[in-house]
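Read through the structure below, which is laid out as structure tokens, and then see the notes.
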Amino acid sequence: MSISKNDITRVKGRGFLLNRGTECFSGRVVPVAGAFSAADLKSIAECAEKFGSGQIIFTSRLTAEIVGIPYEKIEEAEKFLEERQLYFGGTGAKVRPITACKGTTCVYGNIDTQAIAGILHDKFYIGLADVKMPHKFKIAVGGCPNSCMKPSLNDVGIEGVRVIKFDSEKCRGCKKCAVAANCPSKAVKFNGNIAEIDSSICTNCGVCVGKCPFGAVPKEAEARCRIFVGGTWGKKQRMGTALSRTFTPDEVPEIVERVFLWYRENGYIKERLGAAVDRIGVENLEKSLFAETDSVSDLIARRDEIFALPLKERPQA
């Protein structure tokens, strides 16, 4: 191969991955919050025809990979898309492209997933692009417990939920309960004719909200965010740990930043967040995440100090 290993590694850091058995690369074009405009797609298609093989493959993180770009055309392809406000990227031990389901427009969406993902894109994928992490750091935003975006299998996953409050005094003991009929989790139980919601089964998906004609489940159920930490899927699997609190959509960016800082400070090189959580303990993680001094997060207050720390080497056995 005429291309050196150093050059292959260098362009990989810019989002270009070597195509097996060739000297061409696939370049990952990163969307904001998983969404491309029609104009973006036209530009990507034109770039694929002009500099690549003409083929485009969408990845699991919603990036558009332009296949078959020769090494000598990489810089031209980058310039072509930059002129159209599109950028290659998405690899390395850092924040990966932020993914979001279509919860913004989905009938099951409890939160504006793309708005939240857009804020996280600017704050973490763009704003902290130069911060080296122990390993890759994946963030996903899902609109409901249907889990289409698999939040619990990301390092940090945000899932939109509804706070379900059942007012038993308004329950009329209907022969056919509209709340029970609409509940996908079968969480509605009956005490005589009066309905009750079993909180151990309810996923807070929000499908029952407003379904009772007598208002037993109020229409104004609050939208909150459940946050999973430490999920992985691949050679090793780990379901993300749900934090013991839920959060408003406005609180999400700071909570994600606290997790990011905790991992930056505590993770060993090449150790995924979930492994660090298992090693140190969920209780210790939450103690650090929620520790405050004068109403300011301890982690946030030490941000600059944490970023200045060298990454930790794993102790020798």
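Letters for chains follow the order of the structure tokens (A, B, ...), residue numbers begin at 1 for each chain, and ligand numbers begin at 1 in the order shown.
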- Query: Quick one: residues within 8 Å of stretch 165-167 of chain A, only C-alpha atoms counted, chain neighbours fewer than 5 positions away excluded, as a list in words?
  - Reply: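 Listing them by chain and then by number gives Glu196, Ile197, Gly215, Ala216, Val217, Pro218 and Ala221 of chain A.
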- Hey, what's within 9 Å of stretch 251-256 of chain A if we count only C-alpha atoms and toss same-chain stuff fewer than 3 positions away? As a list in words, please?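 In the requested format, the answer is Ile116, Ile119, Leu120, Lys123, Ile139, Val156, Ile158, Cys225, Ile227, Phe247, Thr248, Val259, Phe260, Leu261, Leu289, Phe290 and Ile300 of chain A.
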- Message: Using only C-alpha atoms, which protein or nucleic acid residues come within 9 Å of A:Ile201? Drop anything in the same chain fewer than 4 positions from it, and give the result as a ChimeraX atom specification.
- Response: /A:185-188,197
Those residues you just picked out, can you put them in a file as a compact mmCIF listing (two decimals), in the first residue's frame with C-alpha atoms?
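The resulting file, out-v8.txt, is reproduced below:
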```txt
# COMPACT_ATOMS: atom_id res chain seq x y z
CA SER A 185 -47.36 -2.17 29.32
CA LYS A 186 -50.57 -3.54 30.89
CA ALA A 187 -49.73 -1.57 34.02
CA VAL A 188 -53.38 -0.86 34.94
CA ILE A 197 -51.48 2.06 37.98
```
- Query: Where does DSSP see alpha helix (DSSP H) in stretch 50-256 of chain A, if you list the residues as a list of chain:residue names?
  - Reply: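 The alpha helix (DSSP H) residues within stretch 50-256 of chain A come out as A:Lys50, A:Phe51, A:Ile74, A:Glu75, A:Glu76, A:Ala77, A:Glu78, A:Lys79, A:Phe80, A:Leu81, A:Glu82, A:Thr113, A:Gln114, A:Ala115, A:Ile116, A:Ala117, A:Gly118, A:Ile119, A:Leu120, A:Ala178, A:Val179, A:Ala180, A:Ala181, A:Asn182, A:Val252, A:Pro253, A:Glu254, A:Ile255, A:Val256.
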I need the chosen residues saved as a compact mmCIF listing (two decimals), in the first residue's frame, with C-alpha atoms.
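The result, stored in again-v6.txt:
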```
# COMPACT_ATOMS: atom_id res chain seq x y z
CA LYS A 50 -17.62 14.20 -7.68
CA PHE A 51 -15.07 12.70 -5.28
CA ILE A 74 -9.89 13.94 0.70
CA GLU A 75 -8.98 17.60 1.14
CA GLU A 76 -10.97 18.57 -1.95
CA ALA A 77 -14.01 16.71 -0.60
CA GLU A 78 -13.64 18.44 2.77
CA LYS A 79 -13.45 21.87 1.16
CA PHE A 80 -16.42 21.14 -1.10
CA LEU A 81 -18.69 20.32 1.85
CA GLU A 82 -17.32 23.02 4.16
CA THR A 113 -35.53 15.23 20.81
CA GLN A 114 -33.92 17.16 17.98
CA ALA A 115 -33.87 20.43 19.93
CA ILE A 116 -32.13 18.72 22.86
CA ALA A 117 -29.73 16.89 20.54
CA GLY A 118 -28.94 20.16 18.77
CA ILE A 119 -27.93 21.78 22.06
CA LEU A 120 -25.80 18.74 22.96
CA ALA A 178 -59.91 3.61 28.34
CA VAL A 179 -56.66 3.92 30.30
CA ALA A 180 -56.24 0.13 30.53
CA ALA A 181 -57.18 -0.31 26.87
CA ASN A 182 -54.45 2.13 25.77
CA VAL A 252 -30.21 17.74 30.60
CA PRO A 253 -27.13 19.57 29.18
CA GLU A 254 -25.63 20.19 32.62
CA ILE A 255 -26.27 16.64 33.82
CA VAL A 256 -24.60 15.28 30.68
```
Selection near stretch 151-155 of chain A, 10 Å with only C-alpha atoms, sequence-local residues under 6 positions removed, as a PDB file with all heavy atoms, in the first residue's frame:
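Everything below was put into out38.pdb:
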```pdb
ATOM      1  N   VAL A  95     -16.165  12.730  22.016  1.00  0.00           N
ATOM      2  CA  VAL A  95     -17.613  12.714  21.830  1.00  0.00           C
ATOM      3  C   VAL A  95     -17.929  12.382  20.374  1.00  0.00           C
ATOM      4  O   VAL A  95     -17.417  13.013  19.454  1.00  0.00           O
ATOM      5  CB  VAL A  95     -18.238  14.074  22.207  1.00  0.00           C
ATOM      6  CG1 VAL A  95     -19.747  14.049  21.964  1.00  0.00           C
ATOM      7  CG2 VAL A  95     -17.943  14.416  23.668  1.00  0.00           C
ATOM      8  N   THR A  99     -26.950  11.408  18.428  1.00  0.00           N
ATOM      9  CA  THR A  99     -28.073  10.847  17.684  1.00  0.00           C
ATOM     10  C   THR A  99     -29.387  11.174  18.379  1.00  0.00           C
ATOM     11  O   THR A  99     -29.440  11.332  19.600  1.00  0.00           O
ATOM     12  CB  THR A  99     -27.946   9.325  17.540  1.00  0.00           C
ATOM     13  OG1 THR A  99     -27.904   8.724  18.844  1.00  0.00           O
ATOM     14  CG2 THR A  99     -26.675   8.952  16.792  1.00  0.00           C
ATOM     15  N   ALA A 100     -30.444  11.264  17.581  1.00  0.00           N
ATOM     16  CA  ALA A 100     -31.773  11.534  18.119  1.00  0.00           C
ATOM     17  C   ALA A 100     -32.815  10.826  17.274  1.00  0.00           C
ATOM     18  O   ALA A 100     -32.680  10.739  16.053  1.00  0.00           O
ATOM     19  CB  ALA A 100     -32.055  13.043  18.128  1.00  0.00           C
ATOM     20  N   CYS A 101     -33.843  10.301  17.927  1.00  0.00           N
ATOM     21  CA  CYS A 101     -34.957   9.731  17.190  1.00  0.00           C
ATOM     22  C   CYS A 101     -35.847  10.881  16.708  1.00  0.00           C
ATOM     23  O   CYS A 101     -35.592  12.049  16.978  1.00  0.00           O
ATOM     24  CB  CYS A 101     -35.741   8.759  18.062  1.00  0.00           C
ATOM     25  SG  CYS A 101     -36.786   9.568  19.309  1.00  0.00           S
ATOM     26  N   LYS A 136     -14.270   6.360  23.435  1.00  0.00           N
ATOM     27  CA  LYS A 136     -15.377   7.022  22.746  1.00  0.00           C
ATOM     28  C   LYS A 136     -16.495   7.350  23.730  1.00  0.00           C
ATOM     29  O   LYS A 136     -16.659   6.678  24.765  1.00  0.00           O
ATOM     30  CB  LYS A 136     -15.914   6.129  21.628  1.00  0.00           C
ATOM     31  CG  LYS A 136     -16.576   4.853  22.109  1.00  0.00           C
ATOM     32  CD  LYS A 136     -16.987   3.939  20.971  1.00  0.00           C
ATOM     33  CE  LYS A 136     -15.794   3.250  20.356  1.00  0.00           C
ATOM     34  NZ  LYS A 136     -16.208   2.181  19.396  1.00  0.00           N
ATOM     35  N   PHE A 137     -17.270   8.379  23.418  1.00  0.00           N
ATOM     36  CA  PHE A 137     -18.336   8.842  24.313  1.00  0.00           C
ATOM     37  C   PHE A 137     -19.572   9.107  23.456  1.00  0.00           C
ATOM     38  O   PHE A 137     -19.631  10.075  22.713  1.00  0.00           O
ATOM     39  CB  PHE A 137     -17.891  10.115  25.037  1.00  0.00           C
ATOM     40  CG  PHE A 137     -18.776  10.533  26.178  1.00  0.00           C
ATOM     41  CD1 PHE A 137     -18.608   9.984  27.442  1.00  0.00           C
ATOM     42  CD2 PHE A 137     -19.773  11.475  25.992  1.00  0.00           C
ATOM     43  CE1 PHE A 137     -19.417  10.382  28.507  1.00  0.00           C
ATOM     44  CE2 PHE A 137     -20.578  11.884  27.046  1.00  0.00           C
ATOM     45  CZ  PHE A 137     -20.402  11.334  28.311  1.00  0.00           C
ATOM     46  N   LYS A 138     -20.542   8.195  23.550  1.00  0.00           N
ATOM     47  CA  LYS A 138     -21.732   8.266  22.698  1.00  0.00           C
ATOM     48  C   LYS A 138     -22.938   8.790  23.474  1.00  0.00           C
ATOM     49  O   LYS A 138     -23.186   8.367  24.606  1.00  0.00           O
ATOM     50  CB  LYS A 138     -22.053   6.887  22.123  1.00  0.00           C
ATOM     51  CG  LYS A 138     -20.968   6.349  21.195  1.00  0.00           C
ATOM     52  CD  LYS A 138     -21.358   4.988  20.631  1.00  0.00           C
ATOM     53  CE  LYS A 138     -20.323   4.485  19.631  1.00  0.00           C
ATOM     54  NZ  LYS A 138     -20.706   3.187  19.046  1.00  0.00           N
ATOM     55  N   ILE A 139     -23.673   9.702  22.833  1.00  0.00           N
ATOM     56  CA  ILE A 139     -24.868  10.295  23.441  1.00  0.00           C
ATOM     57  C   ILE A 139     -26.040  10.093  22.489  1.00  0.00           C
ATOM     58  O   ILE A 139     -25.920  10.338  21.283  1.00  0.00           O
ATOM     59  CB  ILE A 139     -24.673  11.801  23.694  1.00  0.00           C
ATOM     60  CG1 ILE A 139     -23.437  12.061  24.565  1.00  0.00           C
ATOM     61  CG2 ILE A 139     -25.916  12.407  24.345  1.00  0.00           C
ATOM     62  CD1 ILE A 139     -23.071  13.542  24.681  1.00  0.00           C
ATOM     63  N   ALA A 140     -27.173   9.656  23.031  1.00  0.00           N
ATOM     64  CA  ALA A 140     -28.375   9.476  22.216  1.00  0.00           C
ATOM     65  C   ALA A 140     -29.575  10.067  22.938  1.00  0.00           C
ATOM     66  O   ALA A 140     -29.656  10.028  24.169  1.00  0.00           O
ATOM     67  CB  ALA A 140     -28.615   8.002  21.922  1.00  0.00           C
ATOM     68  N   VAL A 141     -30.524  10.597  22.157  1.00  0.00           N
ATOM     69  CA  VAL A 141     -31.742  11.189  22.712  1.00  0.00           C
ATOM     70  C   VAL A 141     -32.942  10.468  22.119  1.00  0.00           C
ATOM     71  O   VAL A 141     -33.134  10.446  20.901  1.00  0.00           O
ATOM     72  CB  VAL A 141     -31.837  12.693  22.390  1.00  0.00           C
ATOM     73  CG1 VAL A 141     -33.045  13.313  23.104  1.00  0.00           C
ATOM     74  CG2 VAL A 141     -30.554  13.416  22.783  1.00  0.00           C
ATOM     75  N   GLY A 142     -33.739   9.860  22.993  1.00  0.00           N
ATOM     76  CA  GLY A 142     -34.951   9.165  22.564  1.00  0.00           C
ATOM     77  C   GLY A 142     -36.184   9.835  23.133  1.00  0.00           C
ATOM     78  O   GLY A 142     -36.170  10.325  24.261  1.00  0.00           O
ATOM     79  N   GLY A 143     -37.259   9.831  22.376  1.00  0.00           N
ATOM     80  CA  GLY A 143     -38.457  10.567  22.779  1.00  0.00           C
ATOM     81  C   GLY A 143     -39.361   9.851  23.749  1.00  0.00           C
ATOM     82  O   GLY A 143     -40.199  10.474  24.400  1.00  0.00           O
ATOM     83  N   CYS A 144     -39.223   8.523  23.867  1.00  0.00           N
ATOM     84  CA  CYS A 144     -40.132   7.771  24.730  1.00  0.00           C
ATOM     85  C   CYS A 144     -39.529   6.409  25.036  1.00  0.00           C
ATOM     86  O   CYS A 144     -38.515   6.025  24.448  1.00  0.00           O
ATOM     87  CB  CYS A 144     -41.500   7.618  24.056  1.00  0.00           C
ATOM     88  SG  CYS A 144     -41.524   6.376  22.733  1.00  0.00           S
ATOM     89  N   PRO A 145     -40.149   5.630  25.937  1.00  0.00           N
ATOM     90  CA  PRO A 145     -39.609   4.316  26.282  1.00  0.00           C
ATOM     91  C   PRO A 145     -39.718   3.258  25.183  1.00  0.00           C
ATOM     92  O   PRO A 145     -39.301   2.112  25.412  1.00  0.00           O
ATOM     93  CB  PRO A 145     -40.438   3.914  27.522  1.00  0.00           C
ATOM     94  CG  PRO A 145     -40.831   5.200  28.139  1.00  0.00           C
ATOM     95  CD  PRO A 145     -41.132   6.082  26.948  1.00  0.00           C
ATOM     96  N   ARG A 226     -35.495  10.736  31.600  1.00  0.00           N
ATOM     97  CA  ARG A 226     -34.767   9.692  32.314  1.00  0.00           C
ATOM     98  C   ARG A 226     -33.395   9.590  31.656  1.00  0.00           C
ATOM     99  O   ARG A 226     -33.287   9.596  30.425  1.00  0.00           O
ATOM    100  CB  ARG A 226     -35.516   8.369  32.205  1.00  0.00           C
ATOM    101  CG  ARG A 226     -34.865   7.202  32.920  1.00  0.00           C
ATOM    102  CD  ARG A 226     -35.699   5.937  32.740  1.00  0.00           C
ATOM    103  NE  ARG A 226     -36.974   6.033  33.455  1.00  0.00           N
ATOM    104  CZ  ARG A 226     -38.154   5.714  32.936  1.00  0.00           C
ATOM    105  NH1 ARG A 226     -38.246   5.302  31.688  1.00  0.00           N
ATOM    106  NH2 ARG A 226     -39.250   5.822  33.661  1.00  0.00           N
ATOM    107  N   ILE A 227     -32.340   9.521  32.461  1.00  0.00           N
ATOM    108  CA  ILE A 227     -30.987   9.476  31.904  1.00  0.00           C
ATOM    109  C   ILE A 227     -30.298   8.171  32.282  1.00  0.00           C
ATOM    110  O   ILE A 227     -30.247   7.792  33.456  1.00  0.00           O
ATOM    111  CB  ILE A 227     -30.149  10.684  32.376  1.00  0.00           C
ATOM    112  CG1 ILE A 227     -30.743  11.974  31.788  1.00  0.00           C
ATOM    113  CG2 ILE A 227     -28.683  10.530  31.958  1.00  0.00           C
ATOM    114  CD1 ILE A 227     -29.957  13.220  32.087  1.00  0.00           C
ATOM    115  N   PHE A 228     -29.811   7.474  31.253  1.00  0.00           N
ATOM    116  CA  PHE A 228     -29.051   6.237  31.428  1.00  0.00           C
ATOM    117  C   PHE A 228     -27.563   6.553  31.279  1.00  0.00           C
ATOM    118  O   PHE A 228     -27.172   7.346  30.417  1.00  0.00           O
ATOM    119  CB  PHE A 228     -29.448   5.208  30.373  1.00  0.00           C
ATOM    120  CG  PHE A 228     -30.889   4.763  30.454  1.00  0.00           C
ATOM    121  CD1 PHE A 228     -31.869   5.413  29.720  1.00  0.00           C
ATOM    122  CD2 PHE A 228     -31.257   3.706  31.270  1.00  0.00           C
ATOM    123  CE1 PHE A 228     -33.192   5.011  29.790  1.00  0.00           C
ATOM    124  CE2 PHE A 228     -32.579   3.298  31.346  1.00  0.00           C
ATOM    125  CZ  PHE A 228     -33.549   3.947  30.600  1.00  0.00           C
ATOM    126  N   VAL A 229     -26.756   5.901  32.086  1.00  0.00           N
ATOM    127  CA  VAL A 229     -25.309   6.133  32.071  1.00  0.00           C
ATOM    128  C   VAL A 229     -24.580   4.802  31.926  1.00  0.00           C
ATOM    129  O   VAL A 229     -24.886   3.839  32.632  1.00  0.00           O
ATOM    130  CB  VAL A 229     -24.852   6.844  33.366  1.00  0.00           C
ATOM    131  CG1 VAL A 229     -23.336   6.963  33.411  1.00  0.00           C
ATOM    132  CG2 VAL A 229     -25.498   8.222  33.476  1.00  0.00           C
ATOM    133  N   GLY A 230     -23.618   4.756  30.989  1.00  0.00           N
ATOM    134  CA  GLY A 230     -22.724   3.604  30.908  1.00  0.00           C
ATOM    135  C   GLY A 230     -23.176   2.463  30.031  1.00  0.00           C
ATOM    136  O   GLY A 230     -22.674   1.351  30.168  1.00  0.00           O
ATOM    137  N   GLY A 231     -24.099   2.720  29.102  1.00  0.00           N
ATOM    138  CA  GLY A 231     -24.525   1.658  28.208  1.00  0.00           C
ATOM    139  C   GLY A 231     -23.489   1.382  27.125  1.00  0.00           C
ATOM    140  O   GLY A 231     -22.820   2.292  26.643  1.00  0.00           O
ATOM    141  N   THR A 232     -23.331   0.120  26.744  1.00  0.00           N
ATOM    142  CA  THR A 232     -22.443  -0.264  25.631  1.00  0.00           C
ATOM    143  C   THR A 232     -23.070  -1.430  24.890  1.00  0.00           C
ATOM    144  O   THR A 232     -23.833  -2.215  25.460  1.00  0.00           O
ATOM    145  CB  THR A 232     -21.042  -0.699  26.121  1.00  0.00           C
ATOM    146  OG1 THR A 232     -21.174  -1.774  27.056  1.00  0.00           O
ATOM    147  CG2 THR A 232     -20.293   0.437  26.775  1.00  0.00           C
ATOM    148  N   TRP A 233     -22.730  -1.527  23.600  1.00  0.00           N
ATOM    149  CA  TRP A 233     -23.218  -2.639  22.793  1.00  0.00           C
ATOM    150  C   TRP A 233     -22.164  -2.959  21.748  1.00  0.00           C
ATOM    151  O   TRP A 233     -21.727  -2.083  21.031  1.00  0.00           O
ATOM    152  CB  TRP A 233     -24.544  -2.283  22.122  1.00  0.00           C
ATOM    153  CG  TRP A 233     -25.210  -3.470  21.509  1.00  0.00           C
ATOM    154  CD1 TRP A 233     -25.329  -3.761  20.169  1.00  0.00           C
ATOM    155  CD2 TRP A 233     -25.864  -4.533  22.198  1.00  0.00           C
ATOM    156  NE1 TRP A 233     -26.002  -4.937  19.988  1.00  0.00           N
ATOM    157  CE2 TRP A 233     -26.348  -5.450  21.227  1.00  0.00           C
ATOM    158  CE3 TRP A 233     -26.070  -4.833  23.556  1.00  0.00           C
ATOM    159  CZ2 TRP A 233     -27.023  -6.613  21.555  1.00  0.00           C
ATOM    160  CZ3 TRP A 233     -26.754  -5.990  23.885  1.00  0.00           C
ATOM    161  CH2 TRP A 233     -27.231  -6.861  22.890  1.00  0.00           C
ATOM    162  N   GLY A 234     -21.750  -4.195  21.696  1.00  0.00           N
ATOM    163  CA  GLY A 234     -20.706  -4.579  20.753  1.00  0.00           C
ATOM    164  C   GLY A 234     -19.985  -5.793  21.285  1.00  0.00           C
ATOM    165  O   GLY A 234     -20.617  -6.787  21.654  1.00  0.00           O
ATOM    166  N   GLN A 237     -21.279  -6.033  26.269  1.00  0.00           N
ATOM    167  CA  GLN A 237     -22.598  -5.420  26.397  1.00  0.00           C
ATOM    168  C   GLN A 237     -22.865  -5.020  27.852  1.00  0.00           C
ATOM    169  O   GLN A 237     -22.505  -5.749  28.768  1.00  0.00           O
ATOM    170  CB  GLN A 237     -23.713  -6.371  25.930  1.00  0.00           C
ATOM    171  CG  GLN A 237     -23.603  -6.820  24.493  1.00  0.00           C
ATOM    172  CD  GLN A 237     -22.735  -8.045  24.329  1.00  0.00           C
ATOM    173  OE1 GLN A 237     -22.812  -8.978  25.116  1.00  0.00           O
ATOM    174  NE2 GLN A 237     -21.892  -8.055  23.304  1.00  0.00           N
ATOM    175  N   ARG A 238     -23.473  -3.859  28.003  1.00  0.00           N
ATOM    176  CA  ARG A 238     -23.884  -3.404  29.325  1.00  0.00           C
ATOM    177  C   ARG A 238     -25.077  -2.482  29.161  1.00  0.00           C
ATOM    178  O   ARG A 238     -25.014  -1.503  28.421  1.00  0.00           O
ATOM    179  CB  ARG A 238     -22.757  -2.640  30.029  1.00  0.00           C
ATOM    180  CG  ARG A 238     -23.115  -2.179  31.442  1.00  0.00           C
ATOM    181  CD  ARG A 238     -22.052  -1.254  32.021  1.00  0.00           C
ATOM    182  NE  ARG A 238     -22.267  -0.970  33.418  1.00  0.00           N
ATOM    183  CZ  ARG A 238     -23.111  -0.024  33.873  1.00  0.00           C
ATOM    184  NH1 ARG A 238     -23.822   0.715  33.000  1.00  0.00           N
ATOM    185  NH2 ARG A 238     -23.242   0.190  35.176  1.00  0.00           N
ATOM    186  N   MET A 239     -26.173  -2.807  29.845  1.00  0.00           N
ATOM    187  CA  MET A 239     -27.313  -1.898  29.839  1.00  0.00           C
ATOM    188  C   MET A 239     -26.963  -0.671  30.676  1.00  0.00           C
ATOM    189  O   MET A 239     -26.366  -0.792  31.745  1.00  0.00           O
ATOM    190  CB  MET A 239     -28.553  -2.592  30.427  1.00  0.00           C
ATOM    191  CG  MET A 239     -29.101  -3.713  29.561  1.00  0.00           C
ATOM    192  SD  MET A 239     -29.750  -3.103  27.980  1.00  0.00           S
ATOM    193  CE  MET A 239     -31.211  -2.222  28.544  1.00  0.00           C
ATOM    194  N   GLY A 240     -27.324   0.490  30.182  1.00  0.00           N
ATOM    195  CA  GLY A 240     -27.055   1.706  30.922  1.00  0.00           C
ATOM    196  C   GLY A 240     -27.788   1.721  32.256  1.00  0.00           C
ATOM    197  O   GLY A 240     -28.891   1.185  32.387  1.00  0.00           O
ATOM    198  N   THR A 241     -27.161   2.324  33.244  1.00  0.00           N
ATOM    199  CA  THR A 241     -27.759   2.473  34.568  1.00  0.00           C
ATOM    200  C   THR A 241     -28.620   3.724  34.596  1.00  0.00           C
ATOM    201  O   THR A 241     -28.129   4.820  34.298  1.00  0.00           O
ATOM    202  CB  THR A 241     -26.662   2.584  35.645  1.00  0.00           C
ATOM    203  OG1 THR A 241     -25.844   1.407  35.608  1.00  0.00           O
ATOM    204  CG2 THR A 241     -27.270   2.759  37.029  1.00  0.00           C
ATOM    205  N   ALA A 242     -29.889   3.574  34.934  1.00  0.00           N
ATOM    206  CA  ALA A 242     -30.771   4.741  35.020  1.00  0.00           C
ATOM    207  C   ALA A 242     -30.462   5.499  36.308  1.00  0.00           C
ATOM    208  O   ALA A 242     -30.438   4.919  37.395  1.00  0.00           O
ATOM    209  CB  ALA A 242     -32.232   4.311  34.996  1.00  0.00           C
ATOM    210  N   VAL A 259     -21.628  14.114  33.916  1.00  0.00           N
ATOM    211  CA  VAL A 259     -21.204  12.744  33.613  1.00  0.00           C
ATOM    212  C   VAL A 259     -19.909  12.760  32.799  1.00  0.00           C
ATOM    213  O   VAL A 259     -18.974  11.991  33.061  1.00  0.00           O
ATOM    214  CB  VAL A 259     -22.307  11.986  32.849  1.00  0.00           C
ATOM    215  CG1 VAL A 259     -21.820  10.595  32.440  1.00  0.00           C
ATOM    216  CG2 VAL A 259     -23.576  11.866  33.689  1.00  0.00           C
ATOM    217  N   PHE A 260     -19.849  13.645  31.813  1.00  0.00           N
ATOM    218  CA  PHE A 260     -18.670  13.787  30.963  1.00  0.00           C
ATOM    219  C   PHE A 260     -17.436  14.101  31.803  1.00  0.00           C
ATOM    220  O   PHE A 260     -16.383  13.479  31.642  1.00  0.00           O
ATOM    221  CB  PHE A 260     -18.937  14.906  29.952  1.00  0.00           C
ATOM    222  CG  PHE A 260     -17.841  15.148  28.956  1.00  0.00           C
ATOM    223  CD1 PHE A 260     -17.810  14.478  27.744  1.00  0.00           C
ATOM    224  CD2 PHE A 260     -16.847  16.092  29.213  1.00  0.00           C
ATOM    225  CE1 PHE A 260     -16.807  14.717  26.818  1.00  0.00           C
ATOM    226  CE2 PHE A 260     -15.837  16.337  28.299  1.00  0.00           C
ATOM    227  CZ  PHE A 260     -15.822  15.642  27.090  1.00  0.00           C
ATOM    228  N   ARG A 272     -14.310   2.029  28.824  1.00  0.00           N
ATOM    229  CA  ARG A 272     -15.586   2.674  28.550  1.00  0.00           C
ATOM    230  C   ARG A 272     -16.228   3.159  29.850  1.00  0.00           C
ATOM    231  O   ARG A 272     -15.923   2.680  30.947  1.00  0.00           O
ATOM    232  CB  ARG A 272     -16.536   1.704  27.828  1.00  0.00           C
ATOM    233  CG  ARG A 272     -16.137   1.360  26.402  1.00  0.00           C
ATOM    234  CD  ARG A 272     -16.212   2.569  25.468  1.00  0.00           C
ATOM    235  NE  ARG A 272     -17.551   3.071  25.266  1.00  0.00           N
ATOM    236  CZ  ARG A 272     -18.385   2.629  24.318  1.00  0.00           C
ATOM    237  NH1 ARG A 272     -18.004   1.664  23.480  1.00  0.00           N
ATOM    238  NH2 ARG A 272     -19.584   3.162  24.183  1.00  0.00           N
ATOM    239  N   LEU A 273     -17.123   4.112  29.717  1.00  0.00           N
ATOM    240  CA  LEU A 273     -17.767   4.704  30.886  1.00  0.00           C
ATOM    241  C   LEU A 273     -18.442   3.647  31.751  1.00  0.00           C
ATOM    242  O   LEU A 273     -18.338   3.676  32.981  1.00  0.00           O
ATOM    243  CB  LEU A 273     -18.786   5.753  30.431  1.00  0.00           C
ATOM    244  CG  LEU A 273     -19.687   6.352  31.507  1.00  0.00           C
ATOM    245  CD1 LEU A 273     -18.881   7.031  32.601  1.00  0.00           C
ATOM    246  CD2 LEU A 273     -20.673   7.344  30.883  1.00  0.00           C
ATOM    247  N   GLY A 274     -19.155   2.703  31.120  1.00  0.00           N
ATOM    248  CA  GLY A 274     -19.853   1.677  31.897  1.00  0.00           C
ATOM    249  C   GLY A 274     -18.918   0.863  32.765  1.00  0.00           C
ATOM    250  O   GLY A 274     -19.250   0.515  33.911  1.00  0.00           O
TER     251      GLY A 274
END
```
- Message: Would you pick out the contacts of A:Gly15 at 9 Å or less, using only C-alpha atoms, so that residues sharing its chain but fewer than 4 positions from it are not included, and give the list as a list of chain:residue names?
- Response: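 Here the answer would be A:Val11, A:Ser26, A:Gly27, A:Arg28, A:Val29, A:Phe88, A:Gly89, A:Gly90, A:Thr91, A:Gly92.
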Just write the chosen residues, C-alpha atoms, as a PDB file, in the first residue's frame.
```pdb
ATOM      1  CA  VAL A  11      -7.329  11.058   8.193  1.00  0.00           C
ATOM      2  CA  SER A  26     -15.347   6.437   3.334  1.00  0.00           C
ATOM      3  CA  GLY A  27     -15.914   9.930   4.702  1.00  0.00           C
ATOM      4  CA  ARG A  28     -18.510  10.404   7.454  1.00  0.00           C
ATOM      5  CA  VAL A  29     -20.650  13.520   7.075  1.00  0.00           C
ATOM      6  CA  PHE A  88     -16.741  15.228   8.009  1.00  0.00           C
ATOM      7  CA  GLY A  89     -15.921  13.741  11.421  1.00  0.00           C
ATOM      8  CA  GLY A  90     -17.130  11.371  14.088  1.00  0.00           C
ATOM      9  CA  THR A  91     -14.253   9.078  15.066  1.00  0.00           C
ATOM     10  CA  GLY A  92     -11.758   8.737  17.893  1.00  0.00           C
TER      11      GLY A  92
END
```
- Message: I'd like to know which of A:Glu271, A:Glu72, A:Asp298, A:Glu265 is closest to A:Gly52, using only C-alpha atoms.
- Response: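 Among the listed residues, A:Glu72 lies closest to A:Gly52.
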- Message: What's the separation between atom CA of A:Leu41 and atom CA of A:Arg14, in Å to one decimal place?
- Response: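 A separation of 20.2 Å between them.
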- Message: Residues near A:Ala301, anyone? I mean within 12 Å using only C-alpha atoms, not counting same-chain ones fewer than 4 positions away, as a ChimeraX atom specification.
- Response: /A:254,257-258,261,289,291-297,305-307
